[in-house]
$ cat target14.txt   # compact mmCIF, C-alpha atoms
# COMPACT_ATOMS: atom_id res chain seq x y z
CA MET A 1 -6.05 -22.52 -15.52
CA GLY A 2 -6.99 -24.63 -18.53
CA ASN A 3 -5.23 -27.79 -19.65
CA THR A 4 -5.03 -29.71 -22.93
CA LEU A 5 -8.70 -30.75 -22.60
CA SER A 6 -9.91 -27.14 -22.74
CA ILE A 7 -10.47 -26.96 -26.51
CA ALA A 8 -12.52 -30.16 -26.52
CA ALA A 9 -14.44 -28.91 -23.49
CA VAL A 10 -15.34 -25.69 -25.32
CA THR A 11 -16.64 -27.64 -28.33
CA ALA A 12 -18.70 -29.93 -26.10
CA SER A 13 -20.06 -26.89 -24.25
CA MET A 14 -21.10 -25.30 -27.55
CA GLN A 15 -22.90 -28.53 -28.48
CA LEU A 16 -24.72 -28.65 -25.13
CA MET A 17 -25.76 -25.00 -25.22
CA ILE A 18 -27.14 -25.36 -28.75
CA GLN A 19 -28.99 -28.53 -27.77
CA GLU A 20 -30.72 -26.67 -24.94
CA VAL A 21 -32.12 -23.98 -27.26
CA ALA A 22 -32.66 -25.94 -30.50
CA GLY A 23 -35.65 -27.94 -29.31
CA GLY A 24 -35.72 -31.42 -30.77
CA ALA A 25 -33.00 -30.79 -33.38
CA THR A 26 -29.99 -33.09 -33.53
CA VAL A 27 -26.68 -31.34 -32.74
CA LYS A 28 -23.63 -32.85 -34.40
CA VAL A 29 -19.96 -32.01 -34.02
CA GLY A 30 -17.43 -32.15 -36.84
CA ARG A 31 -16.94 -31.27 -40.46
CA PRO A 32 -20.18 -30.80 -42.42
CA GLY A 33 -20.68 -33.82 -44.66
CA ASN A 34 -23.06 -35.22 -47.25
CA GLU A 35 -25.76 -35.65 -44.64
CA ASN A 36 -26.66 -31.99 -45.29
CA ASP A 37 -29.98 -33.14 -46.71
CA ALA A 38 -33.29 -31.63 -45.80
CA ASP A 39 -34.72 -35.13 -45.40
CA ALA A 40 -32.32 -35.77 -42.53
CA GLY A 41 -34.51 -33.67 -40.27
CA PRO A 42 -33.56 -30.60 -38.27
CA VAL A 43 -29.82 -30.73 -37.58
CA VAL A 44 -27.34 -28.18 -36.22
CA ASN A 45 -23.70 -28.88 -37.09
CA VAL A 46 -20.86 -27.47 -34.97
CA PHE A 47 -17.52 -27.31 -36.81
CA LEU A 48 -14.28 -25.92 -35.31
CA PHE A 49 -12.54 -24.72 -38.46
CA GLN A 50 -9.74 -22.55 -37.04
CA ALA A 51 -7.76 -21.70 -33.89
CA THR A 52 -5.78 -18.45 -33.77
CA PRO A 53 -3.55 -16.94 -31.05
CA ASN A 54 -5.35 -14.57 -28.72
CA ALA A 55 -3.71 -11.17 -29.23
CA ALA A 56 -4.43 -9.88 -25.72
CA ARG A 57 -3.10 -12.85 -23.76
CA ARG A 58 -0.51 -14.52 -25.97
CA ASN A 59 2.42 -12.87 -24.12
CA ALA A 60 0.79 -12.08 -20.76
CA HIS A 61 2.64 -14.91 -19.01
CA ASN A 62 6.15 -13.89 -20.10
CA PRO A 63 8.85 -14.08 -18.90
CA THR A 64 8.64 -17.68 -17.74
CA ARG A 65 12.34 -18.05 -16.91
CA SER A 66 14.78 -16.05 -14.84
CA SER A 67 18.08 -14.64 -16.09
CA ASN A 68 19.87 -17.89 -15.16
CA GLY A 69 17.41 -20.05 -17.11
CA GLN A 70 15.42 -21.32 -14.13
CA GLN A 71 11.69 -21.67 -14.78
CA VAL A 72 9.73 -19.24 -12.62
CA ALA A 73 6.28 -19.51 -14.23
CA ASN A 74 4.32 -21.98 -16.31
CA SER A 75 4.07 -21.50 -20.07
CA LEU A 76 0.71 -20.51 -21.47
CA VAL A 77 -1.01 -20.78 -24.85
CA ALA A 78 -4.01 -18.52 -25.49
CA PHE A 79 -6.40 -19.26 -28.38
CA ASP A 80 -9.44 -17.84 -30.10
CA LEU A 81 -11.59 -20.73 -31.41
CA HIS A 82 -13.58 -20.12 -34.58
CA TYR A 83 -16.71 -22.22 -35.15
CA LEU A 84 -19.01 -22.66 -38.13
CA ILE A 85 -22.60 -23.35 -37.03
CA SER A 86 -24.67 -24.86 -39.88
CA PHE A 87 -28.45 -25.33 -39.88
CA ILE A 88 -30.13 -28.19 -41.79
CA GLY A 89 -33.84 -28.86 -42.17
CA ARG A 90 -36.82 -28.77 -44.47
CA PRO A 91 -36.95 -25.45 -46.33
CA ASP A 92 -40.71 -25.65 -46.79
CA LEU A 93 -41.08 -25.65 -43.00
CA TYR A 94 -38.40 -22.95 -42.57
CA GLN A 95 -36.48 -25.23 -40.24
CA PRO A 96 -32.99 -23.77 -41.04
CA GLU A 97 -34.23 -20.24 -40.36
CA LEU A 98 -35.98 -21.27 -37.16
CA LEU A 99 -32.84 -23.01 -35.91
CA LEU A 100 -30.70 -19.97 -36.77
CA GLY A 101 -33.01 -17.70 -34.81
CA SER A 102 -33.10 -19.98 -31.77
CA VAL A 103 -29.33 -20.51 -31.66
CA SER A 104 -28.42 -16.85 -32.21
CA ARG A 105 -30.88 -15.77 -29.51
CA GLY A 106 -29.51 -18.40 -27.13
CA PHE A 107 -25.90 -17.27 -27.59
CA GLU A 108 -26.91 -13.63 -27.17
CA HIS A 109 -28.69 -14.48 -23.91
CA ARG A 110 -25.84 -16.67 -22.63
CA SER A 111 -22.72 -15.14 -24.16
CA ALA A 112 -20.25 -17.03 -21.96
CA ILE A 113 -19.69 -20.66 -21.03
CA SER A 114 -20.91 -20.98 -17.46
CA ARG A 115 -19.54 -23.20 -14.72
CA ARG A 116 -22.83 -25.16 -14.73
CA THR A 117 -22.41 -25.95 -18.44
CA ILE A 118 -18.84 -27.14 -17.90
CA GLU A 119 -19.85 -29.39 -15.01
CA LYS A 120 -22.66 -30.90 -17.14
CA VAL A 121 -20.20 -31.53 -20.00
CA LYS A 122 -17.82 -33.32 -17.63
CA GLN A 123 -20.66 -35.51 -16.34
CA ASP A 124 -21.77 -36.47 -19.85
CA ASN A 125 -18.28 -37.08 -21.31
CA ALA A 126 -15.94 -39.41 -19.45
CA GLY A 127 -12.97 -38.22 -21.51
CA LEU A 128 -13.41 -34.64 -20.29
CA VAL A 129 -13.63 -35.33 -16.55
CA ASP A 130 -10.18 -33.82 -15.95
CA ALA A 131 -10.89 -30.64 -17.91
CA ASP A 132 -10.50 -27.54 -15.74
CA LEU A 133 -11.98 -24.94 -18.03
CA GLU A 134 -13.94 -23.53 -15.10
CA ASN A 135 -10.67 -22.54 -13.39
CA GLU A 136 -9.62 -20.07 -16.07
CA PRO A 137 -9.17 -16.49 -14.81
CA GLU A 138 -12.05 -15.28 -16.97
CA PRO A 139 -14.96 -17.13 -18.61
CA VAL A 140 -14.80 -18.15 -22.26
CA ARG A 141 -17.04 -15.72 -24.11
CA ILE A 142 -19.03 -16.49 -27.25
CA HIS A 143 -19.57 -13.75 -29.80
CA PRO A 144 -20.62 -13.73 -33.44
CA ALA A 145 -17.91 -13.27 -36.05
CA ALA A 146 -18.61 -11.09 -39.07
CA MET A 147 -17.68 -13.01 -42.23
CA SER A 148 -18.08 -11.49 -45.67
CA PHE A 149 -19.61 -13.43 -48.53
CA GLU A 150 -16.12 -13.91 -49.99
CA GLU A 151 -14.72 -15.29 -46.73
CA MET A 152 -17.69 -17.63 -46.33
CA SER A 153 -17.26 -18.82 -49.93
CA LYS A 154 -13.59 -19.58 -49.37
CA LEU A 155 -14.42 -21.53 -46.23
CA TRP A 156 -17.04 -23.67 -47.94
CA SER A 157 -14.80 -24.22 -50.96
CA VAL A 158 -12.42 -26.30 -48.84
CA LEU A 159 -15.31 -28.58 -47.82
CA PHE A 160 -15.05 -30.73 -50.93
CA GLN A 161 -18.36 -31.86 -52.47
CA THR A 162 -20.31 -30.36 -49.60
CA PRO A 163 -23.07 -27.99 -50.75
CA TYR A 164 -23.47 -24.69 -48.97
CA ILE A 165 -26.13 -24.45 -46.30
CA LEU A 166 -27.28 -21.64 -44.03
CA SER A 167 -24.50 -20.96 -41.48
CA LEU A 168 -23.23 -18.59 -38.82
CA ALA A 169 -19.68 -18.06 -37.54
CA TYR A 170 -18.90 -17.69 -33.84
CA THR A 171 -15.67 -17.06 -31.92
CA CYS A 172 -14.93 -18.38 -28.43
CA SER A 173 -12.18 -16.60 -26.52
CA PRO A 174 -9.96 -16.69 -24.65
CA VAL A 175 -9.18 -20.39 -24.27
CA LEU A 176 -6.05 -20.91 -22.17
CA ILE A 177 -3.80 -23.95 -22.01
CA GLU A 178 -1.13 -23.93 -19.33
CA THR A 179 1.73 -26.30 -18.63
CA SER A 180 1.74 -28.10 -15.31
CA THR A 181 5.47 -28.23 -14.59
CA PRO A 182 6.15 -28.21 -10.83
CA LEU A 183 7.84 -24.95 -9.86
CA SER A 184 10.22 -24.45 -6.98
CA SER A 185 8.77 -22.11 -4.39
CA GLY A 186 10.72 -19.17 -3.04
CA PRO A 187 11.96 -18.92 0.53
CA PRO A 188 9.43 -17.86 3.16
CA VAL A 189 9.06 -14.22 4.18
CA THR A 190 10.96 -13.70 7.41
CA SER A 191 10.26 -10.02 8.00
CA VAL A 192 8.32 -7.10 6.58
CA ASN A 193 9.91 -3.65 6.43
CA ASN A 194 8.47 -0.32 5.40
CA ALA A 195 10.62 2.21 3.54
CA VAL A 196 9.84 5.69 2.24
CA PHE A 197 11.55 6.87 -0.94
CA VAL A 198 11.76 10.59 -1.65
CA LEU A 199 11.24 11.37 -5.32
CA GLY A 200 13.66 13.57 -7.25
CA GLY A 201 17.18 12.42 -6.43
CA PRO A 202 20.45 14.22 -7.26
CA VAL A 203 21.15 15.04 -10.91
CA VAL A 204 24.72 15.30 -12.26
CA LEU A 205 25.06 17.63 -15.25
CA GLY A 206 28.83 17.70 -15.68
CA VAL A 207 32.30 17.37 -14.18
CA GLU A 208 35.23 19.71 -14.76
CA ALA A 209 38.40 21.09 -13.21
CA ALA A 210 38.06 24.03 -10.83
CA THR A 211 40.40 26.05 -13.07
CA GLY A 212 38.01 25.90 -16.01
CA ALA A 213 35.92 23.65 -18.21
CA THR A 214 38.77 23.22 -20.72
CA ALA A 215 41.53 22.74 -18.13
CA PRO A 216 42.85 19.21 -17.50
CA VAL A 217 41.75 17.36 -14.37
CA LEU A 218 44.88 16.44 -12.39
CA TRP A 219 45.52 14.42 -9.28
CA GLY A 220 45.85 16.80 -6.34
CA SER A 221 43.58 19.42 -7.92
CA THR A 222 39.98 20.37 -7.16
CA LEU A 223 37.17 18.67 -9.05
CA VAL A 224 33.88 20.50 -9.59
CA VAL A 225 30.62 18.56 -9.95
CA ARG A 226 27.69 20.53 -11.40
CA GLY A 227 24.06 19.47 -11.11
CA HIS A 228 20.84 19.74 -9.11
CA SER A 229 19.89 18.61 -5.59
CA LEU A 230 23.51 17.81 -4.76
CA ASP A 231 23.07 18.66 -1.08
CA ARG A 232 20.75 15.77 -0.22
CA HIS A 233 21.25 14.32 3.25
CA GLY A 234 23.35 11.16 3.29
CA MET A 235 24.39 11.45 -0.35
CA LYS A 236 27.69 9.90 -1.39
CA VAL A 237 29.93 10.64 -4.37
CA ARG A 238 31.47 7.62 -6.04
CA ILE A 239 34.39 8.00 -8.47
CA GLY A 240 35.89 5.04 -10.28
CA GLY A 241 33.99 2.70 -7.97
CA ARG A 242 35.37 4.31 -4.79
CA ASP A 243 33.33 6.35 -2.34
CA ALA A 244 34.73 9.80 -1.63
CA ASP A 245 34.92 11.32 1.86
CA LEU A 246 32.91 14.55 1.62
CA GLY A 247 34.04 15.85 5.01
CA THR A 248 36.24 18.55 3.49
CA ALA A 249 34.20 19.10 0.34
CA ARG A 250 32.29 22.31 -0.35
CA ILE A 251 28.70 21.31 -1.11
CA SER A 252 25.74 23.34 -2.33
CA ALA A 253 22.53 22.44 -4.14
CA ASP A 254 24.09 22.84 -7.59
CA ARG A 255 27.83 22.40 -7.00
CA ILE A 256 30.33 20.17 -5.20
CA GLU A 257 34.03 21.04 -4.93
CA LEU A 258 36.06 17.94 -4.12
CA GLN A 259 39.80 17.54 -3.55
CA LEU A 260 41.37 14.75 -5.61
CA VAL A 261 43.82 13.58 -2.95
CA ALA A 262 44.43 10.23 -1.28
CA ALA A 263 42.79 11.35 1.97
CA THR A 264 39.49 11.78 0.11
CA PHE A 265 39.52 8.12 -0.94
CA GLY A 266 40.61 6.41 2.24
CA GLY A 267 44.33 6.83 1.62
CA GLU A 268 44.23 5.34 -1.87
CA GLN A 269 44.91 6.92 -5.25
CA LEU A 270 42.67 6.90 -8.27
CA VAL A 271 44.13 5.67 -11.55
CA ALA A 272 44.72 7.88 -14.56
CA GLY A 273 42.33 7.55 -17.47
CA PRO A 274 38.58 7.85 -17.97
CA LEU A 275 36.68 7.72 -14.67
CA VAL A 276 32.96 7.54 -13.96
CA LEU A 277 31.43 9.78 -11.31
CA GLU A 278 28.00 9.14 -9.81
CA THR A 279 26.06 10.21 -6.77
CA VAL A 280 24.52 7.59 -4.51
CA LEU A 281 21.60 7.97 -2.12
CA PRO A 282 21.64 5.18 0.48
CA ALA A 283 18.59 2.99 0.92
CA PRO A 284 16.04 4.30 3.43
CA ALA A 285 16.06 2.91 6.94
CA GLY A 286 14.61 -0.58 6.97
CA ALA A 287 15.22 -1.18 3.25
CA PRO A 288 17.91 -3.53 1.88
CA SER A 289 21.15 -1.95 0.70
CA HIS A 290 20.62 -2.86 -2.96
CA LEU A 291 17.80 -0.29 -3.09
CA GLU A 292 20.28 2.58 -3.03
CA ARG A 293 19.63 5.09 -5.82
CA ILE A 294 22.36 6.04 -8.28
CA SER A 295 22.25 9.22 -10.35
CA ASP A 296 23.08 9.60 -14.01
CA ARG A 297 26.76 8.95 -14.58
CA ALA A 298 29.28 11.55 -15.77
CA THR A 299 32.65 10.61 -17.25
CA PHE A 300 35.80 12.71 -17.00
CA LEU A 301 39.46 12.19 -17.89
CA LEU A 302 42.00 12.16 -15.07
CA ARG A 303 45.30 13.08 -16.74
CA PRO A 304 48.61 11.95 -15.25
CA GLY A 305 51.05 14.66 -14.22
CA ILE A 306 54.78 14.07 -14.72
CA LYS A 307 58.06 15.50 -13.46
CA LEU A 308 61.43 14.80 -15.10
CA ALA A 309 64.88 16.30 -15.34
CA ALA A 310 65.41 19.08 -17.85
CA SER A 311 68.29 17.18 -19.47
CA ALA A 312 69.72 13.68 -19.65
CA ASN A 313 72.58 11.95 -21.41
CA ALA A 314 71.88 9.69 -24.38
CA GLY A 315 72.03 6.04 -23.32
CA SER A 316 71.25 6.84 -19.68
CA LYS A 317 68.14 6.11 -17.63
CA LEU A 318 65.54 8.87 -17.36
CA THR A 319 63.50 8.95 -14.16
CA VAL A 320 59.92 10.14 -14.55
CA VAL A 321 57.75 10.80 -11.50
CA VAL A 322 54.05 10.32 -12.30
CA SER A 323 51.00 11.35 -10.30
CA PRO A 324 48.75 9.50 -9.76
CA GLY A 325 50.92 6.42 -9.84
CA VAL A 326 50.58 3.73 -12.47
CA GLY A 327 47.97 1.22 -11.39
CA ARG A 328 47.77 -2.53 -11.79
CA GLY A 329 47.22 -3.56 -15.41
CA GLN A 330 48.23 -0.16 -16.83
CA THR A 331 51.02 0.09 -19.41
CA PRO A 332 52.85 3.45 -19.49
CA ARG A 333 54.86 4.76 -22.46
CA LEU A 334 57.07 7.84 -22.75
CA VAL A 335 56.59 9.78 -25.98
CA LEU A 336 59.35 12.20 -27.05
CA ASN A 337 58.45 14.59 -29.87
CA GLY A 338 61.46 16.29 -31.43
CA GLN A 339 61.59 20.10 -31.24
CA SER A 340 64.98 20.62 -32.92
CA ALA A 341 66.48 19.73 -36.29
CA ALA A 342 68.83 17.14 -34.78
CA ALA A 343 66.15 15.37 -32.76
CA ALA A 344 64.09 12.49 -34.04
CA ALA A 345 60.52 13.29 -35.12
CA SER A 346 58.98 11.04 -32.47
CA VAL A 347 60.25 8.33 -30.13
CA GLN A 348 58.19 5.99 -27.93
CA ILE A 349 59.92 4.28 -25.01
CA THR A 350 58.62 1.60 -22.64
CA PRO A 351 59.88 1.69 -19.04
CA ASP A 352 62.13 -0.79 -17.34
CA PRO A 353 60.23 -3.45 -15.38
CA PHE A 354 58.88 -1.95 -12.17
CA ASP A 355 57.94 -3.54 -8.87
CA SER A 356 54.45 -4.80 -8.10
CA ASN A 357 53.89 -2.35 -5.25
CA PHE A 358 51.07 -0.46 -6.95
CA PRO A 359 50.55 2.36 -7.57
CA VAL A 360 54.04 2.97 -9.03
CA ALA A 361 55.04 6.64 -8.84
CA SER A 362 58.58 6.45 -10.26
CA LEU A 363 59.42 5.02 -13.68
CA LYS A 364 62.78 4.60 -15.40
CA PHE A 365 63.01 4.88 -19.19
CA PRO A 366 66.16 3.86 -21.12
CA LEU A 367 67.37 6.48 -23.61
CA GLU A 368 69.41 4.06 -25.75
CA GLY A 369 69.18 4.96 -29.41
CA VAL A 370 67.51 8.32 -28.80
CA PRO A 371 69.20 10.99 -30.97
CA LYS A 372 70.51 14.07 -29.22
CA GLY A 373 68.26 17.08 -29.33
CA SER A 374 65.38 18.89 -27.68
CA TYR A 375 62.15 16.97 -27.07
CA TYR A 376 58.67 17.66 -25.77
CA ALA A 377 57.87 14.83 -23.32
CA GLN A 378 54.50 13.16 -22.76
CA LEU A 379 53.54 10.09 -20.76
CA LEU A 380 50.76 7.87 -22.08
CA VAL A 381 48.93 5.73 -19.53
CA GLN A 382 46.41 3.42 -21.18
CA GLY A 383 46.04 5.95 -24.00
CA THR A 384 45.62 8.97 -21.69
CA ALA A 385 48.29 11.63 -22.28
CA SER A 386 49.86 13.55 -19.43
CA ALA A 387 48.90 17.18 -19.05
CA PRO A 388 51.17 19.64 -20.89
CA HIS A 389 52.72 22.75 -19.36
CA VAL A 390 51.02 25.80 -20.85
CA GLU A 391 52.42 29.33 -20.55
CA THR A 392 50.05 31.34 -18.35
CA ASP A 393 51.95 34.67 -18.29
CA PRO A 394 50.01 37.05 -20.54
CA THR A 395 53.15 39.16 -21.07
CA SER A 396 55.10 36.23 -22.51
CA PRO A 397 55.29 35.80 -26.29
CA ALA A 398 54.46 32.12 -25.73
CA PHE A 399 51.28 32.90 -23.77
CA GLY A 400 48.75 30.08 -24.25
CA HIS A 401 51.30 27.82 -25.98
CA ILE A 402 52.69 24.49 -24.76
CA VAL A 403 56.11 25.06 -23.21
CA GLY A 404 56.80 21.76 -21.51
CA PRO A 405 57.76 19.48 -20.07
CA MET A 406 60.91 19.65 -22.20
CA LEU A 407 63.85 17.22 -22.23
CA GLU A 408 67.28 17.94 -23.66
CA VAL A 409 69.12 14.74 -24.65
CA LYS A 410 72.88 15.34 -24.67
$ encode --input "target14.txt" --output "structure tokens"
Amino acid sequence: MGNTLSIAAVTASMQLMIQEVAGGATVKVGRPGNENDADAGPVVNVFLFQATPNAARRNAHNPTRSSNGQQVANSLVAFDLHYLISFIGRPDLYQPELLLGSVSRGFEHRSAISRRTIEKVKQDNAGLVDADLENEPEPVRIHPAAMSFEEMSKLWSVLFQTPYILSLAYTCSPVLIETSTPLSSGPPVTSVNNAVFVLGGPVVLGVEAATGATAPVLWGSTLVVRGHSLDRHGMKVRIGGRDADLGTARISADRIELQLVAATFGGEQLVAGPLVLETVLPAPAGAPSHLERISDRATFLLRPGIKLAASANAGSKLTVVVSPGVGRGQTPRLVLNGQSAAAAASVQITPDPFDSNFPVASLKFPLEGVPKGSYYAQLLVQGTASAPHVETDPTSPAFGHIVGPMLEVK
């Protein structure tokens, strides 16, 4: 890859290539000056007037650093070099035109800087001995650049007090300059494993309670997972970061029925609140475990279920049994919504301090200051409300309405 001498090496190569095709003409490098006089003899002037980023390679080396900031690759600058080739000579002998024809034919015949040219440049220029232009991944190509009369006029206008002479514009690209920072090498390869991945893994479309799409999902109930290719061999179901035991689950290609009980999760309970469900295909034999494939995630709400006495005395302690139990970091609150004229409109109560043996299934709430009356009770666990009791008897006048859990404060 090229280094900081690459640009100078390209200019010197242009000078050498022109010298080889221009006969006895003098080839100069630099800004055209007042020597642009026909009496000076045949002269070809090589002027690098602009360097622009190469659009194709400017970002090809990225990223150069890993996520922790460690450098993993050398930085790279890619340029297009724009040259103005001017031809000076006696007009009566057509020297400028002859030089233009020779140079343009030479660049058309040799449209890239060859390794032989670079080696000759390094031999003739002591300051370019360390140039490694020949090690670039592709040769530097030379092609004519189309410049309108207006663009050419603007270019010559910046060359103060220099009269216009016959000129051509050429572009050399790509010219690469790479940093030479030593990079740490990775560990050696200790083994080679082959693994076969089967395309088209499981797809999860939705999660709902077995009693219906609008029914609450409760601990102890059956959860239904809908999707495609759910019967893949070795597939696991992961809920809330815990793998479920599918030994008792009913599994088909488009449906999984799973019991939400402690035995399904290795004797542990899930926590109430939003939970993420995903299917996991283990890595193929011989592949590392991090190559397991995870399906699209589906989120569902696991509502807490509560049991409490139908009545309690004002100022006493109300025991509420919650399932699943309150997990570590969760803050429960009991919400009492008044259903009678004497009751308060709404009361929120925090529980007495409970032990650290999580999950906590029994909570005690003080009823100090709660007005007597009839209340509809709800438990909030991290913003998730407990499931209400809905009348399911179609012959009842309250069919489809919330009928509990109710608490009578005496």
$ residues_around --input "target14.txt" --residues "A:Phe79" --least-positions-apart "5" --cutoff "9 Å" --atoms "only C-alpha atoms" --output "list in words"
Ile7, Ala51, Thr52, Pro53, Asn54, Ala55, Arg57, Arg58, Cys172, Ser173, Pro174, Val175, Leu176 and Ile177 of chain A
$ closest_atom_pairs --input "target14.txt" --of "stretch 122-195 of chain A" --to "stretch 81-94 of chain A" --cutoff "7 Å" --atoms "all atoms listed in the file" --output "tab-separated table"
residue	atom	partner	partner_atom	distance
A:Ile165	CA	A:Ser86	CA	6.6
A:Leu166	CA	A:Phe87	CA	5.7
A:Ser167	CA	A:Ser86	CA	4.2
A:Leu168	CA	A:Ile85	CA	5.1
A:Ala169	CA	A:Leu84	CA	4.7
A:Tyr170	CA	A:Tyr83	CA	5.2
A:Thr171	CA	A:His82	CA	4.6
A:Cys172	CA	A:Leu81	CA	5.1
A:Ser173	CA	A:Leu81	CA	6.4
$ write_last_selection --input "target14.txt" --atoms "C-alpha atoms" --output "PDB file, in the frame of the given file"
ATOM      1  CA  ILE A 165     -26.130 -24.450 -46.300  1.00  0.00           C
ATOM      2  CA  LEU A 166     -27.280 -21.640 -44.030  1.00  0.00           C
ATOM      3  CA  SER A 167     -24.500 -20.960 -41.480  1.00  0.00           C
ATOM      4  CA  LEU A 168     -23.230 -18.590 -38.820  1.00  0.00           C
ATOM      5  CA  ALA A 169     -19.680 -18.060 -37.540  1.00  0.00           C
ATOM      6  CA  TYR A 170     -18.900 -17.690 -33.840  1.00  0.00           C
ATOM      7  CA  THR A 171     -15.670 -17.060 -31.920  1.00  0.00           C
ATOM      8  CA  CYS A 172     -14.930 -18.380 -28.430  1.00  0.00           C
ATOM      9  CA  SER A 173     -12.180 -16.600 -26.520  1.00  0.00           C
TER      10      SER A 173
END
$ axis_aligned_box --input "target14.txt" --around "stretch 162-169 of chain A" --padding-each-side "6 Å" --output "lines of an AutoDock Vina configuration file"
center_x = -23.5
center_y = -24.2
center_z = -44.1
size_x = 19.6
size_y = 24.3
size_z = 25.2
$ residues_around --input "target14.txt" --residues "A:Val224" --least-positions-apart "3" --cutoff "7 Å" --atoms "all atoms listed in the file" --output "count of residues only"
8
$ atom_distance --input "target14.txt" --atom1 "atom CA of A:Ser386" --atom2 "atom CA of A:Ile306"
6.8 Å
$ decode --input "target14.txt" --residues "stretch 337-366 of chain A" --atoms "C-alpha atoms" --output "short mmCIF file (atom, residue, chain, number, x, y, z; two decimals), in the first residue's frame"
data_model
loop_
_atom_site.label_atom_id
_atom_site.label_comp_id
_atom_site.auth_asym_id
_atom_site.auth_seq_id
_atom_site.Cartn_x
_atom_site.Cartn_y
_atom_site.Cartn_z
CA ASN A 337 -61.62 2.41 44.04
CA GLY A 338 -64.77 3.36 45.93
CA GLN A 339 -68.04 1.73 44.79
CA SER A 340 -70.35 3.27 47.41
CA ALA A 341 -71.29 6.78 48.45
CA ALA A 342 -69.47 6.52 51.78
CA ALA A 343 -66.24 5.18 50.31
CA ALA A 344 -63.39 7.36 49.13
CA ALA A 345 -63.06 7.87 45.37
CA SER A 346 -59.64 6.20 45.23
CA VAL A 347 -57.03 5.15 47.76
CA GLN A 348 -53.48 3.91 47.08
CA ILE A 349 -51.70 1.96 49.82
CA THR A 350 -48.11 0.73 49.99
CA PRO A 351 -47.47 -2.56 51.81
CA ASP A 352 -45.64 -3.06 55.06
CA PRO A 353 -41.96 -3.95 54.59
CA PHE A 354 -41.65 -7.56 53.46
CA ASP A 355 -38.81 -10.04 53.77
CA SER A 356 -36.13 -10.45 51.13
CA ASN A 357 -37.07 -14.04 50.34
CA PHE A 358 -38.16 -13.35 46.77
CA PRO A 359 -40.60 -13.88 45.21
CA VAL A 360 -42.95 -12.59 47.94
CA ALA A 361 -46.43 -14.12 47.66
CA SER A 362 -48.11 -12.55 50.70
CA LEU A 363 -48.35 -8.80 51.30
CA LYS A 364 -49.87 -6.88 54.20
CA PHE A 365 -51.47 -3.48 53.59
CA PRO A 366 -52.46 -1.14 56.46
#
